[in-house]
2 protein chains.
Amino acid sequence: MSRVLVTGAGGFIGRHTLAPLLAAGFEVHALTSSDPPADAPAQVRWHRADLLAPGAAAALVGEVEPTHLLHMAWYTKPGAYWSALDNFDWLYASLQLLRAFGERGGRRAVIAGTCWEYAWEARTHCLEEAPRPAGEGADAQATSGAAPTSAPTGMRPATLYGAAKHALHVVAERWASQTGVELAWGRIFYTYGPHEHPARLVSAVARALVRGEEVPCTHGTQVRDYLYVAELGSAFAALLGSAVAGAVNMASGEPVRLADVVAAIATAAGHPELVRLGALAQRAGEPERLTADVRRLREEVGWSPSIGLAEGAASTVAWWRGALAAEEPATPALALAPEAAR
Amino acid sequence: MSRVLVTGAGGFIGRHTLAPLLAAGFEVHALTSSDPPADAPAQVRWHRADLLAPGAAAALVGEVEPTHLLHMAWYTKPGAYWSALDNFDWLYASLQLLRAFGERGGRRAVIAGTCWEYAWEARTHCLEEAPRPAGEGADAQATSGAAPTSAPTGMRPATLYGAAKHALHVVAERWASQTGVELAWGRIFYTYGPHEHPARLVSAVARALVRGEEVPCTHGTQVRDYLYVAELGSAFAALLGSAVAGAVNMASGEPVRLADVVAAIATAAGHPELVRLGALAQRAGEPERLTADVRRLREEVGWSPSIGLAEGAASTVAWWRGALAAEEPATPALALAPEAAR
């Protein structure tokens, strides 16, 4: 029996990993620091803990004894998480979790990384570094290995969030190599869908349009890789169920301009006339183009998306219609737990 | 007045930074977790704390209010520190120290890195990556900058120790960029001299030869960069006193075969006939050649060594003669504090 512990399981992305993990035959133990989502599958076994509390990870892992770990939890408060020093604490909490997982016999771990680990150039099409061959390093003869077919993108995070995630990967990869635990690192690009924090782009646009309000936007010429959140959850479940090691870009492989993302939401909401492109200045320092090479995800993990932008936008708008109808006139709006993944 | 806090100040390397820092005009506050060295300069103000204790760094920084930080402390138990999970704790403790330093108005920090952050190929001549231009990243327009004159060595640590140090650098560099603290990262290569742990190569050879015992060695064909420890202390003081940012190789720039290091010690001890080259198998996985490009240290920091291998070997042997005479018949042998740098 394979038993998986999912952290951040009540979060925006984590909650979408649960059904596919159950479908793949895992006994699913889900960790959250607040209440479990009301619509979670009934077979999921929920645990409540704060991974930042000393000893919390060890106690939880001792209780669950997972064979697999899917670590999605992190500090993700919009507007703050790029530069917050909480990233230090989540780096250490994640290492404590890995330590406990290894000590209790864990076999395979998948951790959520981010596209912001990559160096930002004006146009970055991100290719993962080659996975380290098993036993390479201090444990074995140094070999230079086969030359990669194209050059991996450099790692030079431009945010503290990206730096802390990259640092975790550097240490976790070496830890995995010396302990024999299998490790894959799923780099999340851009995602959207139900339950996303209302301050994030797609949520903010959908909420405003559902309410019939104007939406001031930038010109939206930046090109990104967007993946519908339920798809991302399914991709993480597939990665955990595979034997693929190393970094994997978790993305659609279908670059899109931000203006087209906004247009898809506007079409789904029936209010394209309320979008004001160019009303806001673009945030300085971000790359014009940040897209993903998805060959590892498609060819090695064997996963590809099935929900396109129009369908995902329609689901997102429909969900916000329901959520806004349900919350009126209550305030404040939806508040997601701070540890919710991304 | 510039006030420096030196961590690991009682350690093998840290103790040699104190006199040059005083000479450079710093008010020197030295942190150790055990007793201060008996031969430390009298003007040094000693503090005793365990940086792994929660709140210890913040309390110490609040008391000292340093303008400068020289962070040499780490877990360095020979035979264990390459793979010990204590590296997780030192990574986090170091981040907590930086956090406190920044919050109390600290201006410039220098942290001890290691040559083991670099990827191991069979022959690696290590060149530092270019420092990140001030403000690059999320805070400013992305620019690709000037092309480097030669390609920096890749970062792929082959030990958990190297991985944790590299992870610290990744996070610290980004933290420095967003807080405005100046940060330099001094990568230590190989060093030797008085007070080194008796289990390390040069100490073990010197102790055995002073006692007139045979010394079984490997063939010693590996090429490394060795720097006398007092020189390394002086180089760190020079780096702290400079305005150089980013990674700097702290090394002699004079590659030497291990066999020649052993020969220098044997000559100084007057017992070349007791060295048995080839009696031991070489440790698998280590590079044949691991040397340092020292242009940044020499040209930007403006520091170069003045003590060669013969002189350093003579000082080391003389020190061991005294130490062994003093310790007889006491057992156990010298035990250095585990937090002693390197």
# chains A, B, ... in the order shown; residues from 1 in each chain; ligands from 1
call {"tool": "residues_around", "arguments": {"residues": "Tyr118 in chain A", "least_positions_apart": "5", "cutoff": "9 Å", "atoms": "only C-alpha atoms", "output": "mmCIF file with N, CA and C atoms, in the first residue's frame"}}
result
data_model
loop_
_atom_site.group_PDB
_atom_site.id
_atom_site.type_symbol
_atom_site.label_atom_id
_atom_site.label_comp_id
_atom_site.auth_asym_id
_atom_site.auth_seq_id
_atom_site.Cartn_x
_atom_site.Cartn_y
_atom_site.Cartn_z
ATOM 1 N N THR A 124 12.578 34.338 -21.497
ATOM 2 C CA THR A 124 13.118 33.103 -20.947
ATOM 3 C C THR A 124 12.187 31.940 -21.263
ATOM 4 N N CYS A 126 12.051 28.329 -20.333
ATOM 5 C CA CYS A 126 12.755 27.621 -19.265
ATOM 6 C C CYS A 126 12.928 26.134 -19.562
ATOM 7 N N THR A 153 18.340 26.323 -18.660
ATOM 8 C CA THR A 153 18.236 27.715 -18.250
ATOM 9 C C THR A 153 18.974 27.913 -16.930
ATOM 10 N N GLY A 154 19.662 29.042 -16.795
ATOM 11 C CA GLY A 154 20.394 29.311 -15.566
ATOM 12 C C GLY A 154 19.475 29.508 -14.375
ATOM 13 N N MET A 155 20.022 29.264 -13.209
ATOM 14 C CA MET A 155 19.277 29.414 -11.967
ATOM 15 C C MET A 155 19.777 30.672 -11.267
ATOM 16 N N ARG A 156 19.011 31.720 -11.294
ATOM 17 C CA ARG A 156 19.391 32.927 -10.565
ATOM 18 C C ARG A 156 18.112 33.647 -10.166
ATOM 19 N N PRO A 157 17.527 33.195 -9.065
ATOM 20 C CA PRO A 157 16.204 33.711 -8.701
ATOM 21 C C PRO A 157 16.244 35.219 -8.465
ATOM 22 N N ALA A 158 15.222 35.905 -8.950
ATOM 23 C CA ALA A 158 15.150 37.366 -8.814
ATOM 24 C C ALA A 158 14.255 37.780 -7.653
ATOM 25 N N GLY A 162 11.674 32.857 -4.869
ATOM 26 C CA GLY A 162 12.352 31.971 -5.807
ATOM 27 C C GLY A 162 13.684 31.475 -5.264
ATOM 28 N N HIS A 166 14.641 27.628 -4.624
ATOM 29 C CA HIS A 166 15.818 27.055 -5.280
ATOM 30 C C HIS A 166 16.788 26.491 -4.239
#
call {"tool": "residues_around", "arguments": {"residues": "Val261 in chain B", "least_positions_apart": "2", "cutoff": "9 Å", "atoms": "only C-alpha atoms", "output": "ChimeraX atom specification"}}
result
/B:202,220,226,256-259,263-266,309-310,313
call {"tool": "interface_residues", "arguments": {"of": "chain A", "to": "chain B", "cutoff": "9 Å", "atoms": "only C-alpha atoms", "output": "count of residues only"}}
result
48
call {"tool": "select_by_dssp", "arguments": {"residues": "range 8-131 of chain A", "states": "alpha helix (DSSP H)", "output": "number ranges by chain"}}
result
A: 18-23, 56-64, 86-103
call {"tool": "select_by_dssp", "arguments": {"residues": "range 121-253 of chain A", "states": "strand (DSSP E)", "output": "PyMOL selection string"}}
result
chain A and resi 123-126+182-188+190-192+215-216+223-228+246-250
call {"tool": "write_last_selection", "arguments": {"atoms": "C-alpha atoms", "output": "PDB file, in the first residue's frame"}}
result
ATOM      1  CA  ARG A 123      12.677  36.331 -22.815  1.00  0.00           C
ATOM      2  CA  THR A 124      13.118  33.103 -20.947  1.00  0.00           C
ATOM      3  CA  HIS A 125      11.961  29.762 -22.273  1.00  0.00           C
ATOM      4  CA  CYS A 126      12.755  27.621 -19.265  1.00  0.00           C
ATOM      5  CA  GLU A 182      13.608   9.466  -4.783  1.00  0.00           C
ATOM      6  CA  LEU A 183      13.015  13.153  -5.331  1.00  0.00           C
ATOM      7  CA  ALA A 184      11.222  15.078  -8.046  1.00  0.00           C
ATOM      8  CA  TRP A 185      10.838  18.829  -8.086  1.00  0.00           C
ATOM      9  CA  GLY A 186       7.789  20.231  -9.870  1.00  0.00           C
ATOM     10  CA  ARG A 187       8.260  23.835 -10.982  1.00  0.00           C
ATOM     11  CA  ILE A 188       4.916  25.622 -11.067  1.00  0.00           C
ATOM     12  CA  TYR A 190       1.219  30.335 -13.781  1.00  0.00           C
ATOM     13  CA  THR A 191      -2.112  28.886 -12.808  1.00  0.00           C
ATOM     14  CA  TYR A 192      -5.684  30.016 -12.285  1.00  0.00           C
ATOM     15  CA  VAL A 215     -11.198  46.197 -15.024  1.00  0.00           C
ATOM     16  CA  PRO A 216      -8.100  48.376 -15.443  1.00  0.00           C
ATOM     17  CA  VAL A 223       3.759  36.102 -22.437  1.00  0.00           C
ATOM     18  CA  ARG A 224       3.341  33.399 -19.800  1.00  0.00           C
ATOM     19  CA  ASP A 225       2.373  29.747 -19.420  1.00  0.00           C
ATOM     20  CA  TYR A 226      -1.007  29.364 -17.742  1.00  0.00           C
ATOM     21  CA  LEU A 227      -2.444  26.051 -16.590  1.00  0.00           C
ATOM     22  CA  TYR A 228      -5.897  25.471 -15.116  1.00  0.00           C
ATOM     23  CA  GLY A 246      14.873  15.878 -10.778  1.00  0.00           C
ATOM     24  CA  ALA A 247      13.257  19.114 -11.891  1.00  0.00           C
ATOM     25  CA  VAL A 248      10.126  19.062 -14.049  1.00  0.00           C
ATOM     26  CA  ASN A 249       8.339  22.116 -15.429  1.00  0.00           C
ATOM     27  CA  MET A 250       4.649  21.813 -14.478  1.00  0.00           C
TER      28      MET A 250
END
call {"tool": "residues_around", "arguments": {"residues": "Gly212 in chain B", "least_positions_apart": "5", "cutoff": "10 Å", "atoms": "only C-alpha atoms", "output": "PyMOL selection string"}}
result
chain B and resi 206-207+269-271+274
call {"tool": "write_last_selection", "arguments": {"atoms": "all heavy atoms", "output": "PDB file, in the first residue's frame"}}
result
ATOM      1  N   ALA B 206      51.408  15.898  10.498  1.00  0.00           N
ATOM      2  CA  ALA B 206      52.358  16.605  11.367  1.00  0.00           C
ATOM      3  C   ALA B 206      52.470  15.912  12.728  1.00  0.00           C
ATOM      4  O   ALA B 206      53.578  15.720  13.250  1.00  0.00           O
ATOM      5  CB  ALA B 206      51.922  18.066  11.535  1.00  0.00           C
ATOM      6  N   ARG B 207      51.352  15.536  13.314  1.00  0.00           N
ATOM      7  CA  ARG B 207      51.369  14.889  14.631  1.00  0.00           C
ATOM      8  C   ARG B 207      52.149  13.578  14.589  1.00  0.00           C
ATOM      9  O   ARG B 207      52.967  13.298  15.485  1.00  0.00           O
ATOM     10  CB  ARG B 207      49.940  14.598  15.092  1.00  0.00           C
ATOM     11  CG  ARG B 207      49.180  15.815  15.579  1.00  0.00           C
ATOM     12  CD  ARG B 207      47.687  15.529  15.675  1.00  0.00           C
ATOM     13  NE  ARG B 207      47.378  14.397  16.555  1.00  0.00           N
ATOM     14  CZ  ARG B 207      47.132  14.524  17.855  1.00  0.00           C
ATOM     15  NH1 ARG B 207      47.161  15.717  18.420  1.00  0.00           N
ATOM     16  NH2 ARG B 207      46.866  13.470  18.599  1.00  0.00           N
ATOM     17  N   ALA B 269      59.433  18.580   9.620  1.00  0.00           N
ATOM     18  CA  ALA B 269      59.527  17.712  10.797  1.00  0.00           C
ATOM     19  C   ALA B 269      60.839  16.938  10.818  1.00  0.00           C
ATOM     20  O   ALA B 269      61.162  16.277  11.814  1.00  0.00           O
ATOM     21  CB  ALA B 269      58.348  16.744  10.826  1.00  0.00           C
ATOM     22  N   GLY B 270      61.598  16.985   9.725  1.00  0.00           N
ATOM     23  CA  GLY B 270      62.870  16.266   9.662  1.00  0.00           C
ATOM     24  C   GLY B 270      62.714  14.767   9.478  1.00  0.00           C
ATOM     25  O   GLY B 270      63.638  13.996   9.774  1.00  0.00           O
ATOM     26  N   HIS B 271      61.567  14.306   8.976  1.00  0.00           N
ATOM     27  CA  HIS B 271      61.326  12.869   8.812  1.00  0.00           C
ATOM     28  C   HIS B 271      60.704  12.507   7.467  1.00  0.00           C
ATOM     29  O   HIS B 271      59.694  11.816   7.424  1.00  0.00           O
ATOM     30  CB  HIS B 271      60.419  12.350   9.927  1.00  0.00           C
ATOM     31  CG  HIS B 271      61.101  12.211  11.241  1.00  0.00           C
ATOM     32  ND1 HIS B 271      62.243  11.450  11.423  1.00  0.00           N
ATOM     33  CD2 HIS B 271      60.802  12.733  12.451  1.00  0.00           C
ATOM     34  CE1 HIS B 271      62.623  11.512  12.685  1.00  0.00           C
ATOM     35  NE2 HIS B 271      61.769  12.292  13.341  1.00  0.00           N
ATOM     36  N   LEU B 274      59.620   8.785   6.744  1.00  0.00           N
ATOM     37  CA  LEU B 274      58.484   8.111   7.384  1.00  0.00           C
ATOM     38  C   LEU B 274      57.190   8.197   6.571  1.00  0.00           C
ATOM     39  O   LEU B 274      56.171   7.637   6.950  1.00  0.00           O
ATOM     40  CB  LEU B 274      58.242   8.702   8.781  1.00  0.00           C
ATOM     41  CG  LEU B 274      59.366   8.453   9.805  1.00  0.00           C
ATOM     42  CD1 LEU B 274      59.052   9.149  11.132  1.00  0.00           C
ATOM     43  CD2 LEU B 274      59.571   6.945  10.035  1.00  0.00           C
TER      44      LEU B 274
END
call {"tool": "atom_distance", "arguments": {"atom1": "CA of Pro152 in chain A", "atom2": "CA of Asp293 in chain B"}}
result
24.5 Å
call {"tool": "atom_distance", "arguments": {"atom1": "CA of Gly105 in chain A", "atom2": "CA of His68 in chain A"}}
result
9.6 Å
call {"tool": "residues_around", "arguments": {"residues": "Val28 in chain B", "least_positions_apart": "3", "cutoff": "10 Å", "atoms": "only C-alpha atoms", "output": "PDB file with all heavy atoms, in the first residue's frame"}}
result
ATOM      1  N   SER B   2      33.344  51.501  13.019  1.00  0.00           N
ATOM      2  CA  SER B   2      32.828  50.253  12.473  1.00  0.00           C
ATOM      3  C   SER B   2      32.983  49.161  13.517  1.00  0.00           C
ATOM      4  O   SER B   2      34.051  48.992  14.111  1.00  0.00           O
ATOM      5  CB  SER B   2      33.592  49.880  11.201  1.00  0.00           C
ATOM      6  OG  SER B   2      33.333  50.841  10.193  1.00  0.00           O
ATOM      7  N   ARG B   3      31.886  48.440  13.737  1.00  0.00           N
ATOM      8  CA  ARG B   3      31.855  47.435  14.785  1.00  0.00           C
ATOM      9  C   ARG B   3      31.524  46.094  14.134  1.00  0.00           C
ATOM     10  O   ARG B   3      30.452  45.948  13.535  1.00  0.00           O
ATOM     11  CB  ARG B   3      30.765  47.802  15.801  1.00  0.00           C
ATOM     12  CG  ARG B   3      30.780  47.015  17.083  1.00  0.00           C
ATOM     13  CD  ARG B   3      29.640  47.444  18.002  1.00  0.00           C
ATOM     14  NE  ARG B   3      29.726  48.851  18.328  1.00  0.00           N
ATOM     15  CZ  ARG B   3      28.801  49.753  18.003  1.00  0.00           C
ATOM     16  NH1 ARG B   3      27.700  49.403  17.379  1.00  0.00           N
ATOM     17  NH2 ARG B   3      28.976  51.017  18.325  1.00  0.00           N
ATOM     18  N   VAL B   4      32.420  45.136  14.213  1.00  0.00           N
ATOM     19  CA  VAL B   4      32.203  43.854  13.540  1.00  0.00           C
ATOM     20  C   VAL B   4      31.880  42.754  14.552  1.00  0.00           C
ATOM     21  O   VAL B   4      32.501  42.676  15.622  1.00  0.00           O
ATOM     22  CB  VAL B   4      33.425  43.451  12.678  1.00  0.00           C
ATOM     23  CG1 VAL B   4      34.676  43.236  13.518  1.00  0.00           C
ATOM     24  CG2 VAL B   4      33.121  42.185  11.864  1.00  0.00           C
ATOM     25  N   LEU B   5      30.893  41.935  14.198  1.00  0.00           N
ATOM     26  CA  LEU B   5      30.616  40.711  14.941  1.00  0.00           C
ATOM     27  C   LEU B   5      31.191  39.552  14.151  1.00  0.00           C
ATOM     28  O   LEU B   5      30.832  39.354  12.982  1.00  0.00           O
ATOM     29  CB  LEU B   5      29.102  40.539  15.121  1.00  0.00           C
ATOM     30  CG  LEU B   5      28.664  39.222  15.777  1.00  0.00           C
ATOM     31  CD1 LEU B   5      29.194  39.115  17.209  1.00  0.00           C
ATOM     32  CD2 LEU B   5      27.139  39.102  15.759  1.00  0.00           C
ATOM     33  N   VAL B   6      32.111  38.805  14.779  1.00  0.00           N
ATOM     34  CA  VAL B   6      32.737  37.649  14.137  1.00  0.00           C
ATOM     35  C   VAL B   6      32.175  36.391  14.795  1.00  0.00           C
ATOM     36  O   VAL B   6      32.332  36.200  16.009  1.00  0.00           O
ATOM     37  CB  VAL B   6      34.265  37.661  14.313  1.00  0.00           C
ATOM     38  CG1 VAL B   6      34.897  36.466  13.589  1.00  0.00           C
ATOM     39  CG2 VAL B   6      34.861  38.968  13.809  1.00  0.00           C
ATOM     40  N   THR B  17      41.191  35.922  12.101  1.00  0.00           N
ATOM     41  CA  THR B  17      40.646  37.156  11.532  1.00  0.00           C
ATOM     42  C   THR B  17      40.717  38.311  12.527  1.00  0.00           C
ATOM     43  O   THR B  17      40.598  39.471  12.127  1.00  0.00           O
ATOM     44  CB  THR B  17      39.162  36.974  11.136  1.00  0.00           C
ATOM     45  OG1 THR B  17      38.376  36.757  12.315  1.00  0.00           O
ATOM     46  CG2 THR B  17      38.984  35.785  10.196  1.00  0.00           C
ATOM     47  N   LEU B  18      40.916  37.999  13.817  1.00  0.00           N
ATOM     48  CA  LEU B  18      40.735  39.010  14.869  1.00  0.00           C
ATOM     49  C   LEU B  18      41.816  40.091  14.839  1.00  0.00           C
ATOM     50  O   LEU B  18      41.505  41.287  14.854  1.00  0.00           O
ATOM     51  CB  LEU B  18      40.676  38.324  16.231  1.00  0.00           C
ATOM     52  CG  LEU B  18      39.592  37.221  16.335  1.00  0.00           C
ATOM     53  CD1 LEU B  18      39.668  36.514  17.686  1.00  0.00           C
ATOM     54  CD2 LEU B  18      38.203  37.789  16.100  1.00  0.00           C
ATOM     55  N   ALA B  19      43.071  39.676  14.799  1.00  0.00           N
ATOM     56  CA  ALA B  19      44.156  40.669  14.800  1.00  0.00           C
ATOM     57  C   ALA B  19      44.108  41.566  13.561  1.00  0.00           C
ATOM     58  O   ALA B  19      44.196  42.798  13.682  1.00  0.00           O
ATOM     59  CB  ALA B  19      45.507  39.967  14.927  1.00  0.00           C
ATOM     60  N   LEU B  21      41.527  42.364  11.807  1.00  0.00           N
ATOM     61  CA  LEU B  21      40.354  43.243  11.909  1.00  0.00           C
ATOM     62  C   LEU B  21      40.636  44.402  12.872  1.00  0.00           C
ATOM     63  O   LEU B  21      40.270  45.549  12.600  1.00  0.00           O
ATOM     64  CB  LEU B  21      39.124  42.452  12.374  1.00  0.00           C
ATOM     65  CG  LEU B  21      38.508  41.520  11.318  1.00  0.00           C
ATOM     66  CD1 LEU B  21      37.481  40.581  11.946  1.00  0.00           C
ATOM     67  CD2 LEU B  21      37.869  42.321  10.178  1.00  0.00           C
ATOM     68  N   LEU B  22      41.297  44.098  13.992  1.00  0.00           N
ATOM     69  CA  LEU B  22      41.694  45.169  14.918  1.00  0.00           C
ATOM     70  C   LEU B  22      42.639  46.142  14.225  1.00  0.00           C
ATOM     71  O   LEU B  22      42.500  47.368  14.337  1.00  0.00           O
ATOM     72  CB  LEU B  22      42.372  44.570  16.158  1.00  0.00           C
ATOM     73  CG  LEU B  22      41.462  43.832  17.142  1.00  0.00           C
ATOM     74  CD1 LEU B  22      42.293  43.017  18.130  1.00  0.00           C
ATOM     75  CD2 LEU B  22      40.551  44.817  17.899  1.00  0.00           C
ATOM     76  N   GLY B  25      41.122  48.717  12.212  1.00  0.00           N
ATOM     77  CA  GLY B  25      40.373  49.762  12.895  1.00  0.00           C
ATOM     78  C   GLY B  25      38.984  49.368  13.370  1.00  0.00           C
ATOM     79  O   GLY B  25      38.240  50.203  13.881  1.00  0.00           O
ATOM     80  N   LEU B  31      32.300  36.004  18.742  1.00  0.00           N
ATOM     81  CA  LEU B  31      31.354  35.038  19.298  1.00  0.00           C
ATOM     82  C   LEU B  31      31.970  33.651  19.301  1.00  0.00           C
ATOM     83  O   LEU B  31      32.557  33.207  18.303  1.00  0.00           O
ATOM     84  CB  LEU B  31      30.079  35.020  18.459  1.00  0.00           C
ATOM     85  CG  LEU B  31      29.047  33.966  18.881  1.00  0.00           C
ATOM     86  CD1 LEU B  31      28.508  34.252  20.276  1.00  0.00           C
ATOM     87  CD2 LEU B  31      27.914  33.895  17.866  1.00  0.00           C
ATOM     88  N   GLN B  43      42.246  43.252  22.992  1.00  0.00           N
ATOM     89  CA  GLN B  43      41.195  44.241  22.712  1.00  0.00           C
ATOM     90  C   GLN B  43      39.883  43.624  22.232  1.00  0.00           C
ATOM     91  O   GLN B  43      38.886  44.313  22.104  1.00  0.00           O
ATOM     92  CB  GLN B  43      41.657  45.238  21.634  1.00  0.00           C
ATOM     93  CG  GLN B  43      42.978  45.928  21.926  1.00  0.00           C
ATOM     94  CD  GLN B  43      44.141  45.206  21.249  1.00  0.00           C
ATOM     95  OE1 GLN B  43      44.343  43.997  21.443  1.00  0.00           O
ATOM     96  NE2 GLN B  43      44.910  45.939  20.469  1.00  0.00           N
ATOM     97  N   VAL B  44      39.910  42.332  21.918  1.00  0.00           N
ATOM     98  CA  VAL B  44      38.689  41.680  21.419  1.00  0.00           C
ATOM     99  C   VAL B  44      37.671  41.547  22.546  1.00  0.00           C
ATOM    100  O   VAL B  44      38.014  41.189  23.674  1.00  0.00           O
ATOM    101  CB  VAL B  44      39.031  40.287  20.840  1.00  0.00           C
ATOM    102  CG1 VAL B  44      37.762  39.522  20.507  1.00  0.00           C
ATOM    103  CG2 VAL B  44      39.930  40.432  19.618  1.00  0.00           C
ATOM    104  N   ARG B  45      36.393  41.846  22.235  1.00  0.00           N
ATOM    105  CA  ARG B  45      35.323  41.686  23.224  1.00  0.00           C
ATOM    106  C   ARG B  45      34.586  40.387  22.929  1.00  0.00           C
ATOM    107  O   ARG B  45      33.989  40.243  21.863  1.00  0.00           O
ATOM    108  CB  ARG B  45      34.355  42.869  23.128  1.00  0.00           C
ATOM    109  CG  ARG B  45      35.089  44.190  23.315  1.00  0.00           C
ATOM    110  CD  ARG B  45      34.263  45.383  22.931  1.00  0.00           C
ATOM    111  NE  ARG B  45      35.153  46.527  22.797  1.00  0.00           N
ATOM    112  CZ  ARG B  45      34.810  47.780  23.063  1.00  0.00           C
ATOM    113  NH1 ARG B  45      33.582  48.060  23.459  1.00  0.00           N
ATOM    114  NH2 ARG B  45      35.670  48.765  22.920  1.00  0.00           N
ATOM    115  N   TRP B  46      34.644  39.464  23.868  1.00  0.00           N
ATOM    116  CA  TRP B  46      34.101  38.125  23.632  1.00  0.00           C
ATOM    117  C   TRP B  46      32.658  38.005  24.085  1.00  0.00           C
ATOM    118  O   TRP B  46      32.259  38.566  25.100  1.00  0.00           O
ATOM    119  CB  TRP B  46      34.965  37.084  24.340  1.00  0.00           C
ATOM    120  CG  TRP B  46      36.275  36.899  23.624  1.00  0.00           C
ATOM    121  CD1 TRP B  46      37.443  37.564  23.861  1.00  0.00           C
ATOM    122  CD2 TRP B  46      36.516  36.032  22.513  1.00  0.00           C
ATOM    123  NE1 TRP B  46      38.412  37.169  22.967  1.00  0.00           N
ATOM    124  CE2 TRP B  46      37.876  36.229  22.132  1.00  0.00           C
ATOM    125  CE3 TRP B  46      35.747  35.120  21.792  1.00  0.00           C
ATOM    126  CZ2 TRP B  46      38.453  35.531  21.070  1.00  0.00           C
ATOM    127  CZ3 TRP B  46      36.321  34.426  20.743  1.00  0.00           C
ATOM    128  CH2 TRP B  46      37.663  34.637  20.381  1.00  0.00           C
ATOM    129  N   VAL B  64      25.057  43.814  20.505  1.00  0.00           N
ATOM    130  CA  VAL B  64      26.287  44.341  19.891  1.00  0.00           C
ATOM    131  C   VAL B  64      25.993  45.469  18.897  1.00  0.00           C
ATOM    132  O   VAL B  64      26.771  46.407  18.761  1.00  0.00           O
ATOM    133  CB  VAL B  64      27.056  43.194  19.187  1.00  0.00           C
ATOM    134  CG1 VAL B  64      28.260  43.735  18.412  1.00  0.00           C
ATOM    135  CG2 VAL B  64      27.493  42.149  20.204  1.00  0.00           C
ATOM    136  N   PRO B  66      26.107  45.423  15.500  1.00  0.00           N
ATOM    137  CA  PRO B  66      27.270  45.498  14.606  1.00  0.00           C
ATOM    138  C   PRO B  66      26.930  46.220  13.304  1.00  0.00           C
ATOM    139  O   PRO B  66      25.825  46.104  12.780  1.00  0.00           O
ATOM    140  CB  PRO B  66      27.590  44.024  14.325  1.00  0.00           C
ATOM    141  CG  PRO B  66      26.287  43.311  14.498  1.00  0.00           C
ATOM    142  CD  PRO B  66      25.539  44.063  15.565  1.00  0.00           C
ATOM    143  N   HIS B  68      29.139  45.612  10.841  1.00  0.00           N
ATOM    144  CA  HIS B  68      29.699  44.603   9.956  1.00  0.00           C
ATOM    145  C   HIS B  68      29.533  43.219  10.588  1.00  0.00           C
ATOM    146  O   HIS B  68      29.520  43.080  11.811  1.00  0.00           O
ATOM    147  CB  HIS B  68      31.188  44.863   9.702  1.00  0.00           C
ATOM    148  CG  HIS B  68      31.457  46.063   8.845  1.00  0.00           C
ATOM    149  ND1 HIS B  68      31.131  47.348   9.239  1.00  0.00           N
ATOM    150  CD2 HIS B  68      32.020  46.180   7.608  1.00  0.00           C
ATOM    151  CE1 HIS B  68      31.475  48.201   8.285  1.00  0.00           C
ATOM    152  NE2 HIS B  68      32.027  47.522   7.285  1.00  0.00           N
TER     153      HIS B  68
END
call {"tool": "decode", "arguments": {"residues": "range 15-22 of chain B", "atoms": "N, CA, C and O atoms", "output": "tab-separated table (two decimals), in the first residue's frame"}}
result
chain	number	residue	atom	x	y	z
B	15	ARG	N	39.72	32.58	14.44
B	15	ARG	CA	40.64	33.21	15.38
B	15	ARG	C	41.71	34.04	14.67
B	15	ARG	O	42.25	34.97	15.27
B	16	HIS	N	41.98	33.69	13.42
B	16	HIS	CA	43.02	34.43	12.68
B	16	HIS	C	42.48	35.68	12.00
B	16	HIS	O	43.24	36.40	11.35
B	17	THR	N	41.19	35.92	12.10
B	17	THR	CA	40.65	37.16	11.53
B	17	THR	C	40.72	38.31	12.53
B	17	THR	O	40.60	39.47	12.13
B	18	LEU	N	40.92	38.00	13.82
B	18	LEU	CA	40.73	39.01	14.87
B	18	LEU	C	41.82	40.09	14.84
B	18	LEU	O	41.51	41.29	14.85
B	19	ALA	N	43.07	39.68	14.80
B	19	ALA	CA	44.16	40.67	14.80
B	19	ALA	C	44.11	41.57	13.56
B	19	ALA	O	44.20	42.80	13.68
B	20	PRO	N	43.94	41.00	12.36
B	20	PRO	CA	43.85	41.91	11.20
B	20	PRO	C	42.62	42.81	11.23
B	20	PRO	O	42.69	43.94	10.73
B	21	LEU	N	41.53	42.36	11.81
B	21	LEU	CA	40.35	43.24	11.91
B	21	LEU	C	40.64	44.40	12.87
B	21	LEU	O	40.27	45.55	12.60
B	22	LEU	N	41.30	44.10	13.99
B	22	LEU	CA	41.69	45.17	14.92
B	22	LEU	C	42.64	46.14	14.23
B	22	LEU	O	42.50	47.37	14.34
